[in-house]
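Note sheet for the following structure.
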There are 2 protein chains.
Amino acid sequence: MTTKSIEEVKASYYDYVKKMEAYGEALGLMFWDLRTGAPKKGIEQRSEAIGMLSSEIFEMSTSEEMKSYIKELSSVSNLDEKTAKMVQESKKDLERNLKIPAEEYKEMVILRSKAENVWESAKNNADFKSFQPYLERLVELTKKFIGYWGYEENPYNTLLDMYEPGMTVEILDRVFGQLRSEIVPLVKLLDEKGVKPKTDFLFKPFPKAQQKEFSLYVLDQLSYDFEAGRLDETVHPFALGLNPGDVRVTTKYDEKDWRTAIFGTIHEAGHALYEQNISQDLVGTNLCSGTSMGIHESQSLFYENFVGRNEKFWEKNYEALKSYSEGQFDQVSLEDFYRAINESKPSLIRIEADELTYPLHVMVRYEIEKGLFNGEIEVKDLPEVWNAKYKEYLGVVPEHDGEGVLQDVHWSGGSFGYFPSYALGYMYAAQIKVAMDKDIPEYDELLLNGDTKPIREWLTEKIHQHGKLKQPLEILKEVTGEELNAQYLVDYLKAKYKRVYQITE
Amino acid sequence: MTTKSIEEVKASYYDYVKKMEAYGEALGLMFWDLRTGAPKKGIEQRSEAIGMLSSEIFEMSTSEEMKSYIKELSSVSNLDEKTAKMVQESKKDLERNLKIPAEEYKEMVILRSKAENVWESAKNNADFKSFQPYLERLVELTKKFIGYWGYEENPYNTLLDMYEPGMTVEILDRVFGQLRSEIVPLVKLLDEKGVKPKTDFLFKPFPKAQQKEFSLYVLDQLSYDFEAGRLDETVHPFALGLNPGDVRVTTKYDEKDWRTAIFGTIHEAGHALYEQNISQDLVGTNLCSGTSMGIHESQSLFYENFVGRNEKFWEKNYEALKSYSEGQFDQVSLEDFYRAINESKPSLIRIEADELTYPLHVMVRYEIEKGLFNGEIEVKDLPEVWNAKYKEYLGVVPEHDGEGVLQDVHWSGGSFGYFPSYALGYMYAAQIKVAMDKDIPEYDELLLNGDTKPIREWLTEKIHQHGKLKQPLEILKEVTGEELNAQYLVDYLKAKYKRVYQITE
């Protein structure tokens with residue numbers, strides 16, 4: 001009987017993971033396709049295919065073969081860092097997946113795929129009732145999963161940890177409390193003492209084809225690599241990294257509000273730049289993606305807010321925007337334009353919210369999810385709960401569920417515990433920006449010159465390239481020299497919005 | 001020890017096949033994506049994924065589990081027809097695949113995927129040398145495969161049989177000989193005694209966006225179901241059935257010759273209508289596709305020639321074409337238009353060839369393939385051989401390989417033995433049309449009224465719905481009451497071209 005050498009085990013393990021990644025890539029493409037124009041009548045059969053392939057990945061992640069790789073490689077004392085991290089990831093998956101019965105896992109995968117399509121028409125028809133049974137089953141299954149996985153302190157913590165390792169209700173309650181205590185007075189200050197920007201010129205007709213051309217122009221300005229990606233239209237925009245050579249951006253076009261497409265594109269570009277710039281050395285391994293949802297969101301929000309809503313960025317690109325538009329900005333000064341795109345106004349739609357009120361949108365979702373998984377809220381009551389919270393936090397109430405509880409795709413995909421990442425990413429981004437300013441004091445000049453590449457390269461060196469080789473809080477500490485600190489975001493928002501609203505006190 | 005009942009074995013076998021079909025659907029989508037805009041830098045990794053998934057299907061088709069299903073179910077005397085056909089298909093695959101070593105099969109799959117991309121730039125750059133090593137390896141591997149499979153009479157027969165069961169060099173030499181002996185004199189007659197149509201108005205600029213709109217209009221006219229498909233742009237047009245609810249058409253646009261897109265779209269629509277109308281009962285089985293390449297091609301050529309080049313079809317749709325164009329037809333009568341789109345002129349590009357000379361293009365490829373696999377022709381000599389044959393058969397010589405030997409995608413995908421299907425499909429289509437005329441004497445009136453649905457329904461009833469439940473020659477016999485008869489095509493061509501070229505003799 002011969003025993004395999006560690007090198008042989010390692011090589012087999014790498015092949016095994018590579019196969020799982022390849023299946024994952026096929027799955028990713030099927031999801032992208034479903035969201036960018038797959039014909040309706042093929043969806044049911046496509047869902048079957050997605051279910052089969054997901055089951056296969058699931059089975060591979062929990063197979064005896066995988067167990068034996070993990071066992072053998074975990075016991076090697078001098079394992080190289082990359083392999084060690086890979087094994088850690090596999091082990092986390094194994095432990096997470098092993099506890100779910102295969103049948104329920106498969107049901108979940110098929111359910112998600114169907115629910116996303118049901119959600120899409122439910123949203124269009126503002127018909128929560130048609131989506132309700134799907135959401136109920138999604139929550140129910142997820143609760144069962146939490147039961148299998150176990151939890152500490154709060155069932156919802158288990159979900160948070162999946163997207164942001166180490167995150168808890170305790171931390172979030174504290175950080176969100178801090179943010180809220182600073183944002184709400186600031187919103188009030190602007191309302192009472194601020195000079196409101198004029199915004200009427202924003203809402204003139206801007207043809208879709210020209211918005212698309214300008215989106216492509218902006219992606220190019222951000223050094224998005226078109227040989228490693230493409231831009232498509234969808235209902236709820238996303239970016240998807242199939243591999244670093246194929247990272248797709250999607251956006252949606254509103255002819256009455258060009259900001260939806262352009263800021264959406266910039267946001268997704270931030271995600272895409274992360275995935276395009278992961279080290280080639282990680283391709284085909286389970287480390288070849290962003291390290292956490294929070295860090296991912298820090299990249300998209302960095303681009304959306306610190307690039308896309310920066311004064312110098314528009315000093316560079318305003319003329320281009322004018323040239324793609326139908327003349328709506330011809331009589332508008334850059335100063336008025338800049339103030340307009342940074343208007344803060346409590347509103348209904350998260351992805352169209354301004355920087356300042358955005359965290360409040362996240363908090364509504366956070367509290368609802370927490371309530372759903374603590375048994376304090378039921379799915380059937382969601383429209384009511386949603387509307388009440390919007391009234392309380394933002395002072396606005398949706399006219400129908402399409403612009404209320406049905407607005408986000410996340411829950412239809414079974415993503416619970418994801419929303420807080422948006423606010424975390426926001427805090428990370430503000431903290432990272434302060435660190436970047438030390439290395440790149442000429443930041444504003446770069447934007448003014450349309451030379452965003454050094455900014456991207458700094459982010460690649462510090463964050464992108466590492467993929468999952470480093471943990472989120474490890475990255476934050478290495479890049480900024482300290483732990484998560486919400487004060488950076490607060491300082492940024494205060495300075496910016498006082499300038500936009502012309503408050504000199 | 002318990003023994004499974006036949007019903008249980010059958011159920012397991014169905015699940016097993018369903019999984020293979022699901023993997024095939026994922027593969028299909030990856031191929032479609034590669035050909036319709038997948039970013040360049042992601043291709044290498046995508047090829048890996050395609051290789052992995054293909055290997056998995058290959059392994060499933062030759063596994064002990066599959067062998068046992070085939071063995072157990074083959075021995076059941078009263079097996080239902082559908083299952084019996086499924087088992088027959090599985091057995092054919094098993095026997096074909098079992099003889100190929102897994103490593104070589106995998107090499108072939110990866111090679112195909114890479115070669116298609118190399119071919120694309122080779123074609124654009126008219127650079128045969130860059131494609132040559134890939135083609136050499138494709139031929140070499142295919143020869144090895146023929147060695148594993150064995151052959152009767154002629155090595156090339158084994159390849160022919162894969163696309164058209166029962167087809168041989170002997171039959172093709174005979175049928176092609178007959179066609180050639182009738183077509184060549186007819187071409188000569190038109191040249192000497194015919195009145196040539198005016199065609200200058202065909203080649204005015206026709207913007208791509210409007211060609212696309214008109215392509216969509218035409219697909220709708222043909223009762224293509226947009227809820228079960230979509231239209232995209234590609235280099236070498238194809239139709240692809242992922243499942244009957246998702247059958248995609250692709251086309252390409254030439255702004256200097258609108259016919260490329262429109263007749264290409266109609267051709268692919270013929271393929272797509274076949275796949276969209278396969279019985280729902282066959283979804284998820286290995287019978288859910290066209291029964292052979294020849295029958296498939298009979299459907300595309302039926303639509304391209306018997307619908308798309310029919311006088312009544314244009315009597316209905318000429319005004320629409322005019323409305324999408326930039327005025328190029330404003331001074332052109334329907335009669336002149338009809339004659340122009342049916343011009344016959346020996347030319348270089350197969351997919352743009354007219355009906356009459358089309359079979360000659362196929363014969364060139366047939367003879368080259370036969371020579372490659374009989375060892376009479378070497379890959380390195382292909383450009384020379386190609387050009388010599390075009391000169392001999394069609395009297396024209398390509399200026400560069402991009403419009404010569406590199407023009408077709410097939411060889412880059414390892415499809416050898418496929419080309420003859422085009423001419424077979426053509427003969428089938430003419431024979432089927434005569435049968436249809438007996439059931440639908442009002443054929444021309446239907447086209448004139450834009451009511452193509454009864455035509456599609458007749459084809460669905462006779463051909464589409466059956467998928468692979470029936471063999472090609474079985475279908476031909478059932479539908480037309482006789483064996484393959486090249487005379488129908490000859491009669492059709494003679495009548496049509498004498499009318500177009502105003503020869504009254």
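For the structure tokens, the naming scheme is as follows: chains receive sequential letters (A, B, ...) according to their order of presentation, residues are indexed from 1 within each chain, and ligands are indexed from 1 in presentation order.
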
So which residues touch Ser347 (chain A) within 12 Å, counting only C-alpha atoms, skipping near sequence neighbours fewer than 3 positions away, as a list in words?
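Returned residues: Glu343, Ser344, Arg350, Ile351, Glu352, Ala353, Asp354, Glu355, Leu356, Thr357, Tyr358, Leu360, His361, Tyr390, Lys391, Tyr393, Leu394, Gly395, Val396, Val397, Pro398, Glu399, Glu403 and Gly404 of chain A.
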
*asked:* Which residues are close to region 27-43 of chain B, i.e. within 8 Å by only C-alpha atoms, leaving aside same-chain residues fewer than 5 positions away? Reply as a VMD selection string.
replied: (chain A and resid 26 29 to 30 226 to 230 243 to 246) or (chain B and resid 50 53 to 54 232 to 235 240 242)

The selected residues should be written to file as a CSV table (one decimal), in the first residue's frame (atoms: C-alpha atoms).
```csv
chain,number,residue,atom,x,y,z
A,26,ALA,CA,-20.9,28.2,-15.2
A,29,LEU,CA,-23.0,32.9,-16.1
A,30,MET,CA,-26.4,31.3,-15.8
A,226,PHE,CA,-13.4,46.3,-21.4
A,227,GLU,CA,-11.3,43.4,-22.6
A,228,ALA,CA,-12.2,41.8,-19.2
A,229,GLY,CA,-15.8,42.8,-19.0
A,230,ARG,CA,-19.0,44.2,-20.6
A,243,ASN,CA,-13.0,35.2,-13.3
A,244,PRO,CA,-10.7,38.2,-13.2
A,245,GLY,CA,-10.7,38.2,-17.0
A,246,ASP,CA,-14.5,38.4,-17.2
B,50,ILE,CA,-16.1,24.2,-20.6
B,53,LEU,CA,-18.1,20.3,-17.6
B,54,SER,CA,-17.7,18.4,-20.9
B,232,ASP,CA,-28.0,38.6,-30.8
B,233,GLU,CA,-25.0,39.6,-33.0
B,234,THR,CA,-22.1,37.3,-33.8
B,235,VAL,CA,-19.4,36.6,-36.3
B,240,LEU,CA,-28.9,27.4,-30.3
B,242,LEU,CA,-30.8,25.4,-24.7
```

- prompt: At what distance in Å, to one decimal, does CA of Ala320 (chain B) lie from CA of Leu219 (chain B)?
  reply: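 Interatomic distance, CA of Leu219 (chain B) to CA of Ala320 (chain B): 13.1 Å.
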
note - CA of Thr291 (chain A) and CA of His466 (chain A) are separated by 8.2 Å

Just the alpha helix (DSSP H) stuff from region 11-178 of chain A, please, per backbone DSSP, written as JSON, numbers by chain. {"A": [11, 12, 13, 14, 15, 16, 17, 18, 19, 20, 21, 22, 23, 24, 25, 26, 27, 28, 29, 30, 31, 32, 33, 34, 35, 43, 44, 45, 46, 47, 48, 49, 50, 51, 52, 53, 54, 55, 56, 57, 58, 59, 60, 61, 64, 65, 66, 67, 68, 69, 70, 71, 72, 73, 74, 81, 82, 83, 84, 85, 86, 87, 88, 89, 90, 91, 92, 93, 94, 95, 96, 97, 98, 102, 103, 104, 105, 106, 107, 108, 109, 110, 111, 112, 113, 114, 115, 116, 117, 118, 119, 120, 121, 122, 123, 124, 128, 129, 130, 131, 132, 133, 134, 135, 136, 137, 138, 139, 140, 141, 142, 143, 144, 145, 146, 147, 148, 149, 155, 156, 157, 158, 159, 160, 161, 162, 163, 169, 170, 171, 172, 173, 174, 175, 176, 177, 178]}

Practice problem: Calculate how many Å separate CA of Val409 (chain B) from CA of Arg365 (chain B), rounding to one decimal. | Solution: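 For CA of Val409 (chain B) relative to CA of Arg365 (chain B), the distance reads 12.5 Å.
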
Distance query region 413-417 of chain A at most 10 Å, only C-alpha atoms, self and fewer than 5 positions along chain excluded, as an MDAnalysis selection string: chainID A and resid 108:109 111:117 119 134:135 137:139 141:142 156:164 167 365:366 369:370 372:373 408

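Omitting Pro197 (chain B) and its sequence neighbours fewer than 4 positions away, and counting only C-alpha atoms, the residues within 10 Å are Glu335, Asp336, Phe337, Tyr338, Arg339, Ala340, Ile341, Asn342, Glu343, Ser344, Val500, Tyr501 and Gln502 of chain B.
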